[in-house]
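A.B. asks: Attaching a single structure in structure tokens format; questions to follow.
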Amino acid sequence: ALSSAINMLAQDINCTDVNDAESAMRLAIQNNQTYFDDLAAPLELTKQVFNSKLSHMISSLPDVIESRSPVGLSQTIKIASLDFDYDKCCSVLDSVKNSFEQVKQYFDEREDHKSNDENDTTQNRFIRSVHCTFAHNSQVTQSEMMASFNHLLGCNVDAKATALLYSDKVAAIEVEIPGVTSGSARHPVPRPRNEFQHVTVWCGQDVEAKESNELPAQVKSNIAQKVLFKEPIPLCGSFSFWHEQEPDALINDTSKQ
């Protein structure tokens, strides 16, 4: 009956042939029911084999099982940031140096600091991983960070450098952030948590990058200087997450502030 049904599939068949084939197969199965029943193991035997295999697998497990974080969530997000190209930021500084003698003198005196490690707070140093921090994990939860910025990762934003603020301790470029990303998608851009939107470019000895947040107030107190650019300078950035580093990986990563 099965062979006949298979042969029929290779031919042009009508409904009558199909019905005849179905009837023949049903009859063949009914006549051989005892044979088919003997092919399956008894239910009680199946249960015994399952329980035996399960017990063996459980007994092979270690006494303590180390918990693991789900894939993709093993690292804590430290900041959501708009990252810029270091060389482009240097070009901005060079342009300003050519227009303002006091700025040229300021950075010329610090030229030797470019070779110092940006994460070593014991040294005067330039910040090479230039970025504008949008949210810090001290300000928002991990879920809020994901909800606000995960869909923006890799998206570009056409920012503008508008001013340089600097003191004896720290220097930063003030940036203007548009309300949407560049390109065809045009995603809305959240506002940075810090009122002072900026890119830290230099830090003095024992100074962390986050201290650049105080520059606007220091300008008002005549502790720091502010130089407004004659024209805003285009500066394209890309969104990313920066993660907390493992304790045994790097000790002082202070540029992500």
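Residue numbers start at 1 in each chain; chains themselves are named A, B, ... in the order of the structure tokens; ligands are numbered from 1 in the order shown.
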Using only C-alpha atoms, find each residue of region 20-111 of chain A with at least one atom at most 9 Å away from an atom of region 136-149 of chain A; report its shortest atom-to-atom pair and that distance in Å (one decimal), sort the rows by chain and rising residue number, and return the result as JSON lines.
C.D. replies:
```
{"residue": "A:Thr76", "atom": "CA", "partner": "A:Gln142", "partner_atom": "CA", "distance": 7.5}
{"residue": "A:Ile77", "atom": "CA", "partner": "A:Gln142", "partner_atom": "CA", "distance": 6.7}
{"residue": "A:Lys78", "atom": "CA", "partner": "A:Asn137", "partner_atom": "CA", "distance": 5.2}
{"residue": "A:Ile79", "atom": "CA", "partner": "A:His136", "partner_atom": "CA", "distance": 4.5}
{"residue": "A:Ala80", "atom": "CA", "partner": "A:His136", "partner_atom": "CA", "distance": 6.7}
{"residue": "A:Ser81", "atom": "CA", "partner": "A:His136", "partner_atom": "CA", "distance": 8.8}
```
A.B. asks: Would you pick out the contacts of Asn98 (chain A) at 12 Å or less, using only C-alpha atoms, so that residues sharing its chain but fewer than 5 positions from it are not included, and give the list as a PyMOL selection string?
C.D. replies: chain A and resi 91-93+103-105+107-108+229-230
A.B. asks: Based on the selection just made, write N, CA, C and O atoms of those residues as a tab-separated table (two decimals), in the first residue's frame.
C.D. replies:
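Final output, saved to part_11.tsv:
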```
chain	number	residue	atom	x	y	z
A	91	SER	N	43.20	69.02	14.91
A	91	SER	CA	43.06	70.01	13.84
A	91	SER	C	42.28	71.23	14.32
A	91	SER	O	42.58	72.37	13.95
A	92	VAL	N	41.27	70.98	15.15
A	92	VAL	CA	40.51	72.08	15.73
A	92	VAL	C	41.43	72.95	16.58
A	92	VAL	O	41.41	74.19	16.48
A	93	LEU	N	42.24	72.29	17.43
A	93	LEU	CA	43.15	73.04	18.28
A	93	LEU	C	44.18	73.82	17.46
A	93	LEU	O	44.50	74.97	17.78
A	103	VAL	N	46.23	80.94	23.13
A	103	VAL	CA	45.96	79.51	23.02
A	103	VAL	C	47.20	78.78	22.49
A	103	VAL	O	47.55	77.69	22.96
A	104	LYS	N	47.86	79.38	21.52
A	104	LYS	CA	49.08	78.78	20.98
A	104	LYS	C	50.14	78.64	22.07
A	104	LYS	O	50.78	77.59	22.20
A	105	GLN	N	50.31	79.67	22.87
A	105	GLN	CA	51.29	79.61	23.95
A	105	GLN	C	50.92	78.54	24.97
A	105	GLN	O	51.78	77.79	25.45
A	107	PHE	N	49.21	75.69	24.58
A	107	PHE	CA	49.44	74.31	24.14
A	107	PHE	C	50.90	74.05	23.75
A	107	PHE	O	51.38	72.93	23.86
A	108	ASP	N	51.58	75.08	23.29
A	108	ASP	CA	53.01	74.90	22.99
A	108	ASP	C	53.78	74.53	24.26
A	108	ASP	O	54.71	73.70	24.23
A	229	PHE	N	35.23	80.63	19.20
A	229	PHE	CA	35.75	80.51	17.84
A	229	PHE	C	35.03	81.52	16.94
A	229	PHE	O	33.84	81.81	17.13
A	230	LYS	N	35.76	82.03	15.96
A	230	LYS	CA	35.17	82.99	15.03
A	230	LYS	C	34.04	82.35	14.25
A	230	LYS	O	33.01	82.99	13.99
```
A.B. asks: Can you work out which one of A:Leu228, A:Ala159, A:Ala21, A:Leu165 has the shortest atom-to-atom distance to Phe84 (chain A), counting only C-alpha atoms?
C.D. replies: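 Among the listed residues, A:Ala159 lies closest to Phe84 (chain A).
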A.B. asks: Taking only C-alpha atoms into account, name the residue in A:Cys89, A:Arg193, A:Val180, A:Leu54 that is nearest to Val130 (chain A).
C.D. replies: A:Cys89
A.B. asks: Separation of CA of Asp168 (chain A) and CA of Gln197 (chain A), in Å?
C.D. replies: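 Taking CA of Asp168 (chain A) as the start and CA of Gln197 (chain A) as the end point, the length is 20.0 Å.
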A.B. asks: Between A:Val199, A:Ala40, A:Ala171, A:Leu82, which is the closest to Asp158 (chain A) once you count only C-alpha atoms?
C.D. replies: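 Among the listed residues, the smallest separation from Asp158 (chain A) belongs to A:Leu82.
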A.B. asks: As an exercise, work out the distance from CA of Gly204 (chain A) to CA of Ile127 (chain A) in Å and give it to one decimal place.
C.D. replies: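 Value for the CA of Gly204 (chain A)-CA of Ile127 (chain A) distance: 10.5 Å.
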A.B. asks: At what distance in Å, to one decimal, does CA of Cys203 (chain A) lie from CA of Phe241 (chain A)?
C.D. replies: 22.4 Å
A.B. asks: Give me, as number ranges by chain, all polymer residues having an atom no more than 9 Å from Trp202 (chain A), counting only C-alpha atoms and skipping those fewer than 2 positions away in the same chain.
C.D. replies: A: 110, 113, 118, 124-128, 166, 169-172, 200, 204, 209
A.B. asks: Keeping only all heavy atoms, write the selected residues to a file as a short mmCIF file (atom, residue, chain, number, x, y, z; two decimals), in the first residue's frame.
C.D. replies:
```
data_model
loop_
_atom_site.label_atom_id
_atom_site.label_comp_id
_atom_site.auth_asym_id
_atom_site.auth_seq_id
_atom_site.Cartn_x
_atom_site.Cartn_y
_atom_site.Cartn_z
N ARG A 110 52.72 72.74 26.54
CA ARG A 110 52.30 71.40 26.93
C ARG A 110 52.56 70.35 25.84
O ARG A 110 52.09 69.22 25.93
CB ARG A 110 50.80 71.42 27.30
CG ARG A 110 50.53 72.20 28.57
CD ARG A 110 49.07 72.65 28.67
NE ARG A 110 48.80 73.24 29.99
CZ ARG A 110 49.14 74.48 30.32
NH1 ARG A 110 49.77 75.27 29.44
NH2 ARG A 110 48.87 74.95 31.53
N HIS A 113 53.63 66.80 26.64
CA HIS A 113 52.70 65.92 27.36
C HIS A 113 51.99 64.93 26.44
O HIS A 113 51.35 64.00 26.91
CB HIS A 113 51.65 66.77 28.08
CG HIS A 113 52.21 67.78 29.02
ND1 HIS A 113 51.46 68.83 29.53
CD2 HIS A 113 53.46 67.93 29.53
CE1 HIS A 113 52.23 69.58 30.32
NE2 HIS A 113 53.44 69.06 30.33
N GLU A 118 47.29 58.72 28.74
CA GLU A 118 46.11 59.51 29.11
C GLU A 118 45.45 59.03 30.39
O GLU A 118 44.69 59.78 31.02
CB GLU A 118 45.08 59.49 27.98
CG GLU A 118 44.45 58.12 27.74
CD GLU A 118 43.33 58.17 26.72
OE1 GLU A 118 42.78 59.26 26.46
OE2 GLU A 118 42.99 57.11 26.17
N ASN A 124 50.99 65.08 33.61
CA ASN A 124 50.27 65.95 32.70
C ASN A 124 50.06 65.17 31.40
O ASN A 124 50.98 64.49 30.93
CB ASN A 124 51.09 67.22 32.41
CG ASN A 124 51.36 68.02 33.66
OD1 ASN A 124 50.45 68.32 34.42
ND2 ASN A 124 52.63 68.37 33.88
N ARG A 125 48.87 65.28 30.79
CA ARG A 125 48.62 64.41 29.64
C ARG A 125 47.51 64.98 28.75
O ARG A 125 46.61 65.67 29.21
CB ARG A 125 48.21 63.02 30.12
CG ARG A 125 46.89 63.01 30.87
CD ARG A 125 46.85 61.99 31.98
NE ARG A 125 45.53 61.96 32.63
CZ ARG A 125 45.17 62.77 33.60
NH1 ARG A 125 46.00 63.69 34.05
NH2 ARG A 125 43.96 62.67 34.14
N PHE A 126 47.60 64.64 27.47
CA PHE A 126 46.52 64.91 26.54
C PHE A 126 45.58 63.70 26.53
O PHE A 126 46.02 62.55 26.68
CB PHE A 126 47.06 65.15 25.13
CG PHE A 126 47.58 66.54 24.92
CD1 PHE A 126 48.88 66.87 25.28
CD2 PHE A 126 46.77 67.53 24.37
CE1 PHE A 126 49.37 68.16 25.10
CE2 PHE A 126 47.24 68.81 24.18
CZ PHE A 126 48.55 69.13 24.55
N ILE A 127 44.30 63.96 26.37
CA ILE A 127 43.30 62.89 26.30
C ILE A 127 43.13 62.49 24.83
O ILE A 127 42.66 63.29 24.02
CB ILE A 127 41.94 63.34 26.90
CG1 ILE A 127 42.14 63.84 28.32
CG2 ILE A 127 40.93 62.20 26.85
CD1 ILE A 127 42.73 62.81 29.27
N ARG A 128 43.51 61.28 24.51
CA ARG A 128 43.44 60.82 23.13
C ARG A 128 42.07 60.22 22.80
O ARG A 128 41.62 60.28 21.65
CB ARG A 128 44.53 59.79 22.85
CG ARG A 128 45.96 60.32 23.06
CD ARG A 128 47.00 59.30 22.62
NE ARG A 128 46.93 59.05 21.19
CZ ARG A 128 47.58 59.77 20.26
NH1 ARG A 128 48.32 60.80 20.63
NH2 ARG A 128 47.48 59.46 18.99
N TYR A 166 39.80 76.70 29.17
CA TYR A 166 41.03 76.11 29.71
C TYR A 166 41.48 76.83 30.98
O TYR A 166 41.21 78.01 31.19
CB TYR A 166 42.14 76.13 28.66
CG TYR A 166 42.56 77.51 28.20
CD1 TYR A 166 43.65 78.15 28.78
CD2 TYR A 166 41.87 78.17 27.18
CE1 TYR A 166 44.05 79.42 28.35
CE2 TYR A 166 42.25 79.43 26.76
CZ TYR A 166 43.34 80.05 27.35
OH TYR A 166 43.73 81.31 26.93
N LYS A 169 44.68 73.60 35.06
CA LYS A 169 44.47 72.19 35.40
C LYS A 169 43.87 71.35 34.28
O LYS A 169 44.13 70.15 34.19
CB LYS A 169 43.58 72.07 36.63
CG LYS A 169 44.20 72.60 37.91
CD LYS A 169 43.27 72.37 39.09
CE LYS A 169 43.92 72.80 40.40
NZ LYS A 169 43.01 72.53 41.56
N VAL A 170 43.05 71.98 33.43
CA VAL A 170 42.31 71.18 32.44
C VAL A 170 41.88 72.07 31.28
O VAL A 170 41.74 73.29 31.43
CB VAL A 170 41.07 70.52 33.11
CG1 VAL A 170 40.06 71.57 33.54
CG2 VAL A 170 40.44 69.46 32.23
N ALA A 171 41.69 71.43 30.10
CA ALA A 171 41.23 72.16 28.92
C ALA A 171 40.19 71.32 28.19
O ALA A 171 40.28 70.09 28.14
CB ALA A 171 42.41 72.47 27.99
N ALA A 172 39.19 72.00 27.62
CA ALA A 172 38.11 71.29 26.93
C ALA A 172 37.56 72.12 25.79
O ALA A 172 37.54 73.36 25.85
CB ALA A 172 36.99 70.94 27.91
N THR A 200 36.96 66.89 26.64
CA THR A 200 38.19 67.17 27.39
C THR A 200 39.40 66.81 26.53
O THR A 200 39.47 65.71 25.98
CB THR A 200 38.23 66.37 28.70
OG1 THR A 200 37.05 66.63 29.46
CG2 THR A 200 39.46 66.73 29.53
N GLY A 204 45.90 68.19 33.73
CA GLY A 204 47.14 68.33 34.47
C GLY A 204 47.37 67.18 35.44
O GLY A 204 46.53 66.29 35.59
N ALA A 209 39.54 63.85 34.25
CA ALA A 209 38.85 64.51 33.14
C ALA A 209 37.52 65.13 33.55
O ALA A 209 37.09 66.14 32.99
CB ALA A 209 38.64 63.51 32.00
#
```
A.B. asks: So which residues of region 8-256 of chain A fall under helix (DSSP H, G or I) by DSSP, listed as a VMD selection string?
C.D. replies: chain A and resid 8 to 9 15 to 31 33 to 39 43 to 59 86 to 99 101 to 108 111 to 115 142 to 152 209 to 220
A.B. asks: Enumerate as a PyMOL selection string all residues of region 42-253 of chain A assigned to strand (DSSP E) by DSSP on the backbone, naming them with the chain letters and numbers the document uses.
C.D. replies: chain A and resi 77-84+125-126+131-136+156-166+170-176+198-203+225-243
A.B. asks: Which is closest to Ser238 (chain A) among A:Ser221, A:Asp83, A:Lys160, A:Asn116, if we use only C-alpha atoms?
C.D. replies: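 Nearest candidate to Ser238 (chain A) out of A:Ser221, A:Asp83, A:Lys160, A:Asn116: A:Asp83.
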A.B. asks: Could you tell me which of A:Arg26, A:Lys97, A:Lys220, A:His151 comes closest to His187 (chain A) if we count only C-alpha atoms?
C.D. replies: A:His151
